[in-house]
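Data from entry28.tsv: TSV, N, CA and C atoms and all ligand atoms
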```tsv
chain	number	residue	atom	x	y	z
H	93	MET	N	-11.77	-1.78	-5.85
H	93	MET	CA	-13.21	-1.92	-5.64
H	93	MET	C	-13.87	-0.55	-5.84
H	94	SER	N	-14.88	-0.51	-6.70
H	94	SER	CA	-15.55	0.77	-6.94
H	94	SER	C	-16.63	1.00	-5.88
H	95	LEU	N	-16.87	2.26	-5.61
H	95	LEU	CA	-17.84	2.66	-4.59
H	95	LEU	C	-19.08	3.20	-5.27
H	96	ASP	N	-20.24	2.68	-4.90
H	96	ASP	CA	-21.47	3.25	-5.46
H	96	ASP	C	-21.89	4.46	-4.61
H	97	LYS	N	-22.99	5.08	-5.01
H	97	LYS	CA	-23.42	6.31	-4.35
H	97	LYS	C	-23.67	6.10	-2.85
H	98	ASP	N	-24.32	4.99	-2.52
H	98	ASP	CA	-24.59	4.70	-1.10
H	98	ASP	C	-23.29	4.48	-0.33
H	99	ASP	N	-22.35	3.77	-0.95
H	99	ASP	CA	-21.04	3.57	-0.31
H	99	ASP	C	-20.40	4.91	0.01
H	100	ARG	N	-20.43	5.80	-0.94
H	100	ARG	CA	-19.76	7.10	-0.76
H	100	ARG	C	-20.44	7.91	0.34
H	101	GLN	N	-21.76	7.92	0.34
H	101	GLN	CA	-22.48	8.67	1.38
H	101	GLN	C	-22.19	8.09	2.77
H	102	ARG	N	-22.22	6.76	2.87
H	102	ARG	CA	-21.97	6.12	4.16
H	102	ARG	C	-20.55	6.41	4.64
H	103	MET	N	-19.60	6.40	3.74
H	103	MET	CA	-18.21	6.64	4.12
H	103	MET	C	-18.02	8.09	4.56
H	104	VAL	N	-18.61	9.02	3.83
H	104	VAL	CA	-18.50	10.45	4.19
H	104	VAL	C	-19.09	10.66	5.58
H	105	GLN	N	-20.24	10.08	5.83
H	105	GLN	CA	-20.90	10.24	7.13
H	105	GLN	C	-20.05	9.63	8.24
H	106	ALA	N	-19.52	8.45	8.01
H	106	ALA	CA	-18.73	7.77	9.04
H	106	ALA	C	-17.45	8.53	9.36
H	107	LEU	N	-16.87	9.17	8.37
H	107	LEU	CA	-15.61	9.87	8.59
H	107	LEU	C	-15.82	11.27	9.17
H	108	GLY	N	-17.03	11.80	9.05
H	108	GLY	CA	-17.31	13.13	9.61
H	108	GLY	C	-16.57	14.24	8.89
H	109	LEU	N	-16.33	14.02	7.61
H	109	LEU	CA	-15.64	15.02	6.79
H	109	LEU	C	-16.56	15.43	5.65
H	110	SER	N	-16.19	16.48	4.95
H	110	SER	CA	-16.97	16.84	3.76
H	110	SER	C	-16.65	15.84	2.65
H	111	GLU	N	-17.54	15.73	1.68
H	111	GLU	CA	-17.27	14.81	0.57
H	111	GLU	C	-16.00	15.21	-0.18
H	112	ASP	N	-15.77	16.51	-0.30
H	112	ASP	CA	-14.55	16.96	-0.99
H	112	ASP	C	-13.30	16.50	-0.25
H	113	GLU	N	-13.34	16.59	1.08
H	113	GLU	CA	-12.17	16.14	1.87
H	113	GLU	C	-11.96	14.64	1.73
H	114	VAL	N	-13.05	13.89	1.79
H	114	VAL	CA	-12.93	12.44	1.67
H	114	VAL	C	-12.39	12.08	0.29
H	115	ARG	N	-12.90	12.76	-0.73
H	115	ARG	CA	-12.44	12.49	-2.09
H	115	ARG	C	-10.94	12.76	-2.19
H	116	GLU	N	-10.52	13.89	-1.65
H	116	GLU	CA	-9.11	14.29	-1.74
H	116	GLU	C	-8.19	13.31	-0.99
H	117	ARG	N	-8.61	12.91	0.21
H	117	ARG	CA	-7.73	12.09	1.06
H	117	ARG	C	-7.78	10.60	0.74
H	118	TYR	N	-9.00	10.10	0.41
H	118	TYR	CA	-9.17	8.64	0.41
H	118	TYR	C	-9.59	8.01	-0.92
H	119	TRP	N	-10.07	8.82	-1.85
H	119	TRP	CA	-10.60	8.22	-3.06
H	119	TRP	C	-9.71	8.47	-4.26
H	120	ARG	N	-9.78	7.50	-5.18
H	120	ARG	CA	-9.15	7.67	-6.47
H	120	ARG	C	-10.29	7.73	-7.48
H	121	VAL	N	-10.40	8.85	-8.16
H	121	VAL	CA	-11.52	9.07	-9.09
H	121	VAL	C	-10.99	9.03	-10.51
H	122	THR	N	-11.56	8.09	-11.28
H	122	THR	CA	-11.18	7.96	-12.68
H	122	THR	C	-12.46	8.05	-13.50
H	123	GLY	N	-12.70	9.21	-14.10
H	123	GLY	CA	-13.96	9.41	-14.80
H	123	GLY	C	-15.11	9.29	-13.81
H	124	SER	N	-16.02	8.37	-14.09
H	124	SER	CA	-17.16	8.19	-13.18
H	124	SER	C	-16.91	7.08	-12.15
H	125	VAL	N	-15.73	6.50	-12.17
H	125	VAL	CA	-15.41	5.41	-11.24
H	125	VAL	C	-14.69	5.95	-10.01
H	126	VAL	N	-15.24	5.66	-8.84
H	126	VAL	CA	-14.63	6.09	-7.58
H	126	VAL	C	-14.17	4.85	-6.83
H	127	GLN	N	-12.90	4.85	-6.46
H	127	GLN	CA	-12.34	3.71	-5.72
H	127	GLN	C	-11.58	4.24	-4.50
H	128	MET	N	-11.35	3.38	-3.54
H	128	MET	CA	-10.50	3.76	-2.42
H	128	MET	C	-9.06	3.76	-2.89
H	129	LYS	N	-8.27	4.68	-2.37
H	129	LYS	CA	-6.86	4.69	-2.72
H	129	LYS	C	-6.17	3.45	-2.17
H	130	ILE	N	-5.15	3.04	-2.87
H	130	ILE	CA	-4.32	1.92	-2.43
H	130	ILE	C	-3.00	2.50	-1.92
H	131	VAL	N	-2.62	2.12	-0.71
H	131	VAL	CA	-1.36	2.59	-0.12
H	131	VAL	C	-0.57	1.36	0.34
H	132	ASP	N	0.67	1.28	-0.05
H	132	ASP	CA	1.52	0.13	0.30
H	132	ASP	C	0.86	-1.19	-0.07
H	133	GLY	N	0.16	-1.19	-1.18
H	133	GLY	CA	-0.42	-2.42	-1.69
H	133	GLY	C	-1.75	-2.83	-1.08
H	134	HIS	N	-2.29	-1.98	-0.20
H	134	HIS	CA	-3.60	-2.34	0.37
H	134	HIS	C	-4.48	-1.10	0.48
H	135	CYS	N	-5.73	-1.36	0.75
H	135	CYS	CA	-6.72	-0.28	0.91
H	135	CYS	C	-6.22	0.76	1.93
H	136	ILE	N	-6.43	2.01	1.62
H	136	ILE	CA	-5.95	3.09	2.48
H	136	ILE	C	-6.53	3.03	3.89
H	137	PHE	N	-7.65	2.35	4.06
H	137	PHE	CA	-8.28	2.28	5.38
H	137	PHE	C	-7.78	1.11	6.22
H	138	TYR	N	-6.94	0.28	5.63
H	138	TYR	CA	-6.47	-0.88	6.39
H	138	TYR	C	-5.30	-0.51	7.31
H	139	ASP	N	-5.46	-0.77	8.58
H	139	ASP	CA	-4.38	-0.59	9.54
H	139	ASP	C	-4.62	-1.58	10.68
H	140	ASN	N	-4.16	-2.78	10.50
H	140	ASN	CA	-4.45	-3.86	11.46
H	140	ASN	C	-5.96	-4.03	11.65
H	141	GLY	N	-6.70	-3.88	10.60
H	141	GLY	CA	-8.16	-3.95	10.61
H	141	GLY	C	-8.69	-2.78	9.81
H	142	CYS	N	-9.98	-2.75	9.69
H	142	CYS	CA	-10.61	-1.69	8.90
H	142	CYS	C	-10.85	-0.46	9.77
H	143	THR	N	-10.30	0.67	9.36
H	143	THR	CA	-10.44	1.89	10.16
H	143	THR	C	-11.67	2.71	9.76
H	144	VAL	N	-12.45	2.18	8.83
H	144	VAL	CA	-13.69	2.88	8.46
H	144	VAL	C	-14.85	1.88	8.52
H	145	HIS	N	-14.81	1.04	9.52
H	145	HIS	CA	-15.72	-0.11	9.58
H	145	HIS	C	-17.19	0.27	9.36
H	146	LEU	N	-17.67	1.28	10.06
H	146	LEU	CA	-19.09	1.65	9.92
H	146	LEU	C	-19.40	2.27	8.56
H	147	GLY	N	-18.37	2.75	7.88
H	147	GLY	CA	-18.59	3.38	6.58
H	147	GLY	C	-18.01	2.58	5.45
H	148	ARG	N	-17.74	1.31	5.68
H	148	ARG	CA	-17.10	0.49	4.64
H	148	ARG	C	-18.08	0.21	3.51
H	149	PRO	N	-17.57	-0.04	2.32
H	149	PRO	CA	-18.42	-0.36	1.17
H	149	PRO	C	-19.23	-1.64	1.41
H	150	TRP	N	-20.34	-1.75	0.73
H	150	TRP	CA	-21.20	-2.92	0.94
H	150	TRP	C	-20.49	-4.21	0.60
H	151	ARG	N	-19.60	-4.16	-0.38
H	151	ARG	CA	-18.88	-5.39	-0.73
H	151	ARG	C	-17.99	-5.85	0.42
H	152	CYS	N	-17.41	-4.90	1.12
H	152	CYS	CA	-16.59	-5.26	2.28
H	152	CYS	C	-17.47	-5.87	3.37
H	153	GLY	N	-18.69	-5.33	3.50
H	153	GLY	CA	-19.61	-5.85	4.51
H	153	GLY	C	-20.02	-7.28	4.25
H	154	GLN	N	-19.95	-7.69	3.00
H	154	GLN	CA	-20.30	-9.08	2.64
H	154	GLN	C	-19.21	-10.06	3.03
H	155	TRP	N	-18.01	-9.57	3.15
H	155	TRP	CA	-16.86	-10.44	3.40
H	155	TRP	C	-17.04	-11.24	4.67
H	156	PRO	N	-16.76	-12.52	4.71
H	156	PRO	CA	-16.21	-13.33	3.62
H	156	PRO	C	-17.29	-14.07	2.83
H	157	LEU	N	-18.54	-13.62	2.95
H	157	LEU	CA	-19.63	-14.31	2.26
H	157	LEU	C	-19.78	-13.78	0.85
H	158	HIS	N	-18.79	-14.03	0.05
H	158	HIS	CA	-18.80	-13.47	-1.30
H	158	HIS	C	-19.40	-14.47	-2.30
H	159	PRO	N	-20.38	-14.03	-3.10
H	159	PRO	CA	-21.04	-14.94	-4.04
H	159	PRO	C	-20.09	-15.65	-5.00
H	160	SER	N	-18.93	-15.07	-5.25
H	160	SER	CA	-18.00	-15.72	-6.19
H	160	SER	C	-17.55	-17.09	-5.68
H	161	ILE	N	-17.70	-17.31	-4.39
H	161	ILE	CA	-17.34	-18.61	-3.81
H	161	ILE	C	-18.19	-19.73	-4.41
H	162	LEU	N	-19.45	-19.41	-4.70
H	162	LEU	CA	-20.37	-20.45	-5.16
H	162	LEU	C	-19.96	-21.05	-6.51
H	163	SER	N	-19.26	-20.28	-7.29
H	163	SER	CA	-18.91	-20.77	-8.63
H	163	SER	C	-17.48	-21.29	-8.73
H	164	ASP	N	-16.70	-21.12	-7.66
H	164	ASP	CA	-15.31	-21.55	-7.76
H	164	ASP	C	-14.77	-21.91	-6.38
H	165	GLU	N	-14.51	-23.18	-6.17
H	165	GLU	CA	-14.01	-23.62	-4.86
H	165	GLU	C	-12.67	-22.98	-4.52
H	166	ASN	N	-11.91	-22.59	-5.55
H	166	ASN	CA	-10.63	-21.95	-5.27
H	166	ASN	C	-10.82	-20.62	-4.55
H	167	ASN	N	-11.92	-19.90	-4.85
H	167	ASN	CA	-12.20	-18.65	-4.14
H	167	ASN	C	-12.46	-18.95	-2.66
H	168	PHE	N	-13.16	-20.03	-2.41
H	168	PHE	CA	-13.40	-20.45	-1.02
H	168	PHE	C	-12.08	-20.74	-0.32
H	169	LYS	N	-11.21	-21.47	-0.97
H	169	LYS	CA	-9.92	-21.82	-0.35
H	169	LYS	C	-9.09	-20.58	-0.06
H	170	THR	N	-9.10	-19.62	-1.00
H	170	THR	CA	-8.32	-18.39	-0.81
H	170	THR	C	-8.87	-17.59	0.36
H	171	ILE	N	-10.19	-17.42	0.40
H	171	ILE	CA	-10.81	-16.64	1.46
H	171	ILE	C	-10.66	-17.34	2.80
H	172	LYS	N	-10.82	-18.64	2.79
H	172	LYS	CA	-10.68	-19.41	4.03
H	172	LYS	C	-9.27	-19.25	4.61
H	173	ALA	N	-8.29	-19.24	3.73
H	173	ALA	CA	-6.91	-19.12	4.20
H	173	ALA	C	-6.59	-17.74	4.74
H	174	SER	N	-7.34	-16.74	4.29
H	174	SER	CA	-7.00	-15.36	4.68
H	174	SER	C	-7.93	-14.79	5.75
H	175	CYS	N	-8.99	-15.51	6.10
H	175	CYS	CA	-9.97	-14.97	7.05
H	175	CYS	C	-10.01	-15.82	8.32
H	176	PRO	N	-9.44	-15.31	9.42
H	176	PRO	CA	-9.44	-16.10	10.65
H	176	PRO	C	-10.82	-16.27	11.26
H	177	GLY	N	-11.79	-15.47	10.80
H	177	GLY	CA	-13.15	-15.57	11.34
H	177	GLY	C	-13.95	-16.70	10.72
H	178	LEU	N	-13.43	-17.29	9.67
H	178	LEU	CA	-14.15	-18.35	8.99
H	178	LEU	C	-13.78	-19.70	9.62
H	179	ASN	N	-14.79	-20.45	9.99
H	179	ASN	CA	-14.56	-21.76	10.60
H	179	ASN	C	-13.67	-22.61	9.69
H	180	GLN	N	-12.48	-22.90	10.14
H	180	GLN	CA	-11.50	-23.59	9.31
H	180	GLN	C	-11.87	-25.06	9.08
H	181	ASP	N	-12.80	-25.59	9.86
H	181	ASP	CA	-13.23	-26.97	9.69
H	181	ASP	C	-14.42	-27.11	8.73
H	182	MET	N	-14.96	-25.98	8.31
H	182	MET	CA	-16.15	-26.03	7.46
H	182	MET	C	-15.80	-26.49	6.04
H	183	SER	N	-16.61	-27.39	5.51
H	183	SER	CA	-16.36	-27.87	4.15
H	183	SER	C	-16.90	-26.86	3.13
H	184	TYR	N	-16.43	-27.02	1.91
H	184	TYR	CA	-16.90	-26.15	0.83
H	184	TYR	C	-18.41	-26.31	0.63
H	185	ASP	N	-18.90	-27.54	0.63
H	185	ASP	CA	-20.34	-27.78	0.41
H	185	ASP	C	-21.18	-27.14	1.52
H	186	GLU	N	-20.72	-27.26	2.75
H	186	GLU	CA	-21.45	-26.69	3.88
H	186	GLU	C	-21.47	-25.15	3.79
H	187	PHE	N	-20.33	-24.59	3.44
H	187	PHE	CA	-20.26	-23.14	3.30
H	187	PHE	C	-21.23	-22.66	2.21
H	188	CYS	N	-21.24	-23.34	1.07
H	188	CYS	CA	-22.13	-22.95	-0.04
H	188	CYS	C	-23.59	-23.06	0.38
H	189	ARG	N	-23.92	-24.10	1.13
H	189	ARG	CA	-25.30	-24.27	1.58
H	189	ARG	C	-25.72	-23.09	2.45
H	190	ILE	N	-24.89	-22.71	3.40
H	190	ILE	CA	-25.20	-21.60	4.30
H	190	ILE	C	-25.28	-20.28	3.52
H	191	LEU	N	-24.33	-20.08	2.64
H	191	LEU	CA	-24.32	-18.83	1.87
H	191	LEU	C	-25.57	-18.72	0.99
H	192	ARG	N	-25.96	-19.82	0.36
H	192	ARG	CA	-27.18	-19.79	-0.48
H	192	ARG	C	-28.40	-19.47	0.37
H	193	GLU	N	-28.48	-20.02	1.57
H	193	GLU	CA	-29.61	-19.73	2.47
H	193	GLU	C	-29.64	-18.25	2.83
H	194	LEU	N	-28.49	-17.70	3.16
H	194	LEU	CA	-28.42	-16.28	3.53
H	194	LEU	C	-28.82	-15.40	2.35
H	195	MET	N	-28.32	-15.74	1.17
H	195	MET	CA	-28.64	-14.94	-0.01
H	195	MET	C	-30.13	-15.03	-0.34
H	196	ALA	N	-30.72	-16.20	-0.17
H	196	ALA	CA	-32.15	-16.37	-0.46
H	196	ALA	C	-32.98	-15.53	0.53
H	197	ARG	N	-32.55	-15.52	1.80
H	197	ARG	CA	-33.25	-14.72	2.81
H	197	ARG	C	-33.20	-13.24	2.50
H	198	GLN	N	-32.09	-12.82	1.91
H	198	GLN	CA	-31.92	-11.41	1.58
H	198	GLN	C	-32.50	-11.07	0.22
H	199	GLY	N	-33.08	-12.07	-0.46
H	199	GLY	CA	-33.64	-11.83	-1.79
H	199	GLY	C	-32.56	-11.59	-2.81
H	200	ASN	N	-31.39	-12.13	-2.55
H	200	ASN	CA	-30.23	-11.88	-3.39
H	200	ASN	C	-29.81	-13.16	-4.08
H	201	ILE	N	-30.80	-13.89	-4.60
H	201	ILE	CA	-30.50	-15.22	-5.10
H	201	ILE	C	-29.96	-15.23	-6.53
H	202	HIS	N	-29.84	-14.08	-7.13
H	202	HIS	CA	-29.37	-14.07	-8.52
H	202	HIS	C	-27.89	-13.81	-8.64
H	203	CYS	N	-27.17	-13.59	-7.52
H	203	CYS	CA	-25.74	-13.33	-7.61
H	203	CYS	C	-24.99	-14.57	-8.04
E	301	LIG	S1	-12.92	-3.70	4.88
E	301	LIG	FE1	-12.12	-1.62	5.27
E	301	LIG	S2	-9.89	-1.84	5.04
E	301	LIG	FE2	-10.80	-3.65	4.07
E	301	LIG	S3	-11.02	-3.08	1.91
E	301	LIG	FE3	-12.95	-2.59	2.94
E	301	LIG	S4	-12.77	-0.43	3.53
E	301	LIG	FE4	-10.71	-1.18	3.07
```

Taking this structure as input, can you express it in the form of structure tokens?
Amino acid sequence: MSLDKDDRQRMVQALGLSEDEVRERYWRVTGSVVQMKIVDGHCIFYDNGCTVHLGRPWRCGQWPLHPSILSDENNFKTIKASCPGLNQDMSYDEFCRILRELMARQGNIHC
């Protein structure tokens, strides 16, 4: 997952380190693309939960309300199976209805 400028600033602030330190310890920089390092197959901040919760990228903050669910029920099934916070009794249609309402409220109806 790539980090935009706001993601990077929020993460630096949450960690209380300099941007150089955060880049060295936690980021993988490839040209202009900045991503979190992957350790043991998962995000470097994962340790029985997110250890940078207040500074997490905006895409992480959307979880599990990811727009990709609207176009593919398989994404819903995958996320539902991996997220204990998601009501396991909720149908795909009901989830899409709620997600569309939330996105419309946020003015994010084009995702
Ligand atoms: S929620 Fe936290 S641990 Fe999970 S991918 Fe995002 S930053 Fe990493």

Listing only residues of chain H within 12 Å of ligand LIG 301 (chain E), what is the closest atom pair and its distance in Å (to one decimal) for each, using only C-alpha atoms and all ligand atoms, sorted by chain and residue number ascending, as a Markdown table?
```
| residue | atom | partner | partner_atom | distance |
| --- | --- | --- | --- | --- |
| H:Met93 | CA | E:LIG301 | S3 | 7.9 |
| H:Ser94 | CA | E:LIG301 | S3 | 10.7 |
| H:Leu95 | CA | E:LIG301 | S4 | 10.1 |
| H:Asp99 | CA | E:LIG301 | S4 | 10.0 |
| H:Arg100 | CA | E:LIG301 | S4 | 11.1 |
| H:Arg102 | CA | E:LIG301 | S4 | 11.3 |
| H:Met103 | CA | E:LIG301 | S4 | 8.9 |
| H:Ala106 | CA | E:LIG301 | S4 | 11.5 |
| H:Leu107 | CA | E:LIG301 | S4 | 11.8 |
| H:Tyr118 | CA | E:LIG301 | S4 | 10.2 |
| H:Trp119 | CA | E:LIG301 | S4 | 11.1 |
| H:Gln127 | CA | E:LIG301 | S4 | 10.1 |
| H:Met128 | CA | E:LIG301 | FE4 | 7.4 |
| H:Lys129 | CA | E:LIG301 | FE4 | 9.1 |
| H:Ile130 | CA | E:LIG301 | FE4 | 9.0 |
| H:Val131 | CA | E:LIG301 | FE4 | 10.6 |
| H:Gly133 | CA | E:LIG301 | S3 | 11.2 |
| H:His134 | CA | E:LIG301 | S3 | 7.6 |
| H:Cys135 | CA | E:LIG301 | FE4 | 4.6 |
| H:Ile136 | CA | E:LIG301 | FE4 | 6.4 |
| H:Phe137 | CA | E:LIG301 | S2 | 4.4 |
| H:Tyr138 | CA | E:LIG301 | S2 | 3.8 |
| H:Asp139 | CA | E:LIG301 | S2 | 7.2 |
| H:Asn140 | CA | E:LIG301 | S2 | 8.7 |
| H:Gly141 | CA | E:LIG301 | S2 | 6.2 |
| H:Cys142 | CA | E:LIG301 | S2 | 3.9 |
| H:Thr143 | CA | E:LIG301 | FE1 | 6.2 |
| H:Val144 | CA | E:LIG301 | FE1 | 5.7 |
| H:His145 | CA | E:LIG301 | FE1 | 5.8 |
| H:Leu146 | CA | E:LIG301 | FE1 | 9.0 |
| H:Gly147 | CA | E:LIG301 | S4 | 7.6 |
| H:Arg148 | CA | E:LIG301 | S4 | 4.6 |
| H:Pro149 | CA | E:LIG301 | S4 | 6.1 |
| H:Trp150 | CA | E:LIG301 | FE3 | 8.5 |
| H:Arg151 | CA | E:LIG301 | FE3 | 7.5 |
| H:Cys152 | CA | E:LIG301 | FE3 | 4.6 |
| H:Gly153 | CA | E:LIG301 | S1 | 7.0 |
| H:Gln154 | CA | E:LIG301 | S1 | 9.4 |
| H:Trp155 | CA | E:LIG301 | S1 | 7.9 |
| H:Pro156 | CA | E:LIG301 | S1 | 10.3 |
| H:Cys175 | CA | E:LIG301 | FE2 | 11.7 |
```

Please report the interatomic distance between atom CA of Lys169 of chain H and atom CA of Tyr184 of chain H in Å with one decimal. 8.3 Å

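Distances here use only C-alpha atoms; by that measure, the residue among H:Phe168, H:Ala196, H:Ser160, H:Leu109 closest to Met182 of chain H is H:Phe168.
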
If you run DSSP on the backbone, which residues of chain H are helix (DSSP H, G or I), as a VMD selection string? chain H and resid 97 to 107 111 to 118 145 to 147 150 to 154 160 to 163 165 to 174 184 to 197

Work out how far apart atom N of Asp98 of chain H and atom CA of Arg192 of chain H are and give it in Å to one decimal.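 Atom CA of Arg192 of chain H lies 25.0 Å from atom N of Asp98 of chain H.
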
Need the axis-aligned box for segment 138-142 of chain H with 8 Å each side, so what are the centre and edges in Å to one decimal, as JSON?
```
{"center_x": -7.5, "center_y": -1.9, "center_z": 8.6, "size_x": 22.7, "size_y": 20.3, "size_z": 22.0}
```

State, in Å with one decimal place, the distance from atom N of Gln180 of chain H to atom C of Glu165 of chain H.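 Taking atom N of Gln180 of chain H and atom C of Glu165 of chain H, their separation equals 14.7 Å.
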
All strand (DSSP E or B) positions in chain H, as a list in words: Ser94, Trp119, Arg120, Val121, Thr122, Val125, Val126, Gln127, Met128, Ile130, Val131, His134, Cys135, Tyr138 and Cys142 of chain H

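Of the listed residues (H:Leu191, H:Gly177, H:Gln101, H:Ser183), H:Leu191 comes nearest to His158 of chain H; the distances count all atoms listed in the file.
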
Minimum-distance residue to Val125 of chain H, chosen among H:Ser110, H:Asp96, H:Ile171, H:Val104 (using only C-alpha atoms): H:Asp96

Working from the structure I just supplied, which lacks atoms in segment 146-162 of chain H, can you model N, CA, C and O atoms there and output them as a compact mmCIF listing (two decimals), in the coordinates of the input?
```
# COMPACT_ATOMS: atom_id res chain seq x y z
N LEU H 146 -17.67 1.28 10.06
CA LEU H 146 -19.09 1.65 9.92
C LEU H 146 -19.40 2.27 8.56
O LEU H 146 -20.55 2.31 8.14
N GLY H 147 -18.37 2.75 7.88
CA GLY H 147 -18.59 3.38 6.58
C GLY H 147 -18.01 2.58 5.45
O GLY H 147 -17.83 3.09 4.35
N ARG H 148 -17.74 1.31 5.68
CA ARG H 148 -17.10 0.49 4.64
C ARG H 148 -18.08 0.21 3.51
O ARG H 148 -19.30 0.20 3.72
N PRO H 149 -17.57 -0.04 2.32
CA PRO H 149 -18.42 -0.36 1.17
C PRO H 149 -19.23 -1.64 1.41
O PRO H 149 -18.80 -2.52 2.16
N TRP H 150 -20.34 -1.75 0.73
CA TRP H 150 -21.20 -2.92 0.94
C TRP H 150 -20.49 -4.21 0.60
O TRP H 150 -20.71 -5.24 1.22
N ARG H 151 -19.60 -4.16 -0.38
CA ARG H 151 -18.88 -5.39 -0.73
C ARG H 151 -17.99 -5.85 0.42
O ARG H 151 -17.83 -7.04 0.66
N CYS H 152 -17.41 -4.90 1.12
CA CYS H 152 -16.59 -5.26 2.28
C CYS H 152 -17.47 -5.87 3.37
O CYS H 152 -17.06 -6.79 4.07
N GLY H 153 -18.69 -5.33 3.50
CA GLY H 153 -19.61 -5.85 4.51
C GLY H 153 -20.02 -7.28 4.25
O GLY H 153 -20.39 -8.01 5.16
N GLN H 154 -19.95 -7.69 3.00
CA GLN H 154 -20.30 -9.08 2.64
C GLN H 154 -19.21 -10.06 3.03
O GLN H 154 -19.47 -11.25 3.19
N TRP H 155 -18.01 -9.57 3.15
CA TRP H 155 -16.86 -10.44 3.40
C TRP H 155 -17.04 -11.24 4.67
O TRP H 155 -17.45 -10.68 5.67
N PRO H 156 -16.76 -12.52 4.71
CA PRO H 156 -16.21 -13.33 3.62
C PRO H 156 -17.29 -14.07 2.83
O PRO H 156 -16.98 -15.03 2.14
N LEU H 157 -18.54 -13.62 2.95
CA LEU H 157 -19.63 -14.31 2.26
C LEU H 157 -19.78 -13.78 0.85
O LEU H 157 -20.76 -13.13 0.50
N HIS H 158 -18.79 -14.03 0.05
CA HIS H 158 -18.80 -13.47 -1.30
C HIS H 158 -19.40 -14.47 -2.30
O HIS H 158 -18.99 -15.63 -2.33
N PRO H 159 -20.38 -14.03 -3.10
CA PRO H 159 -21.04 -14.94 -4.04
C PRO H 159 -20.09 -15.65 -5.00
O PRO H 159 -20.41 -16.73 -5.50
N SER H 160 -18.93 -15.07 -5.25
CA SER H 160 -18.00 -15.72 -6.19
C SER H 160 -17.55 -17.09 -5.68
O SER H 160 -17.10 -17.93 -6.46
N ILE H 161 -17.70 -17.31 -4.39
CA ILE H 161 -17.34 -18.61 -3.81
C ILE H 161 -18.19 -19.73 -4.41
O ILE H 161 -17.71 -20.85 -4.62
N LEU H 162 -19.45 -19.41 -4.70
CA LEU H 162 -20.37 -20.45 -5.16
C LEU H 162 -19.96 -21.05 -6.51
O LEU H 162 -20.31 -22.19 -6.81
```
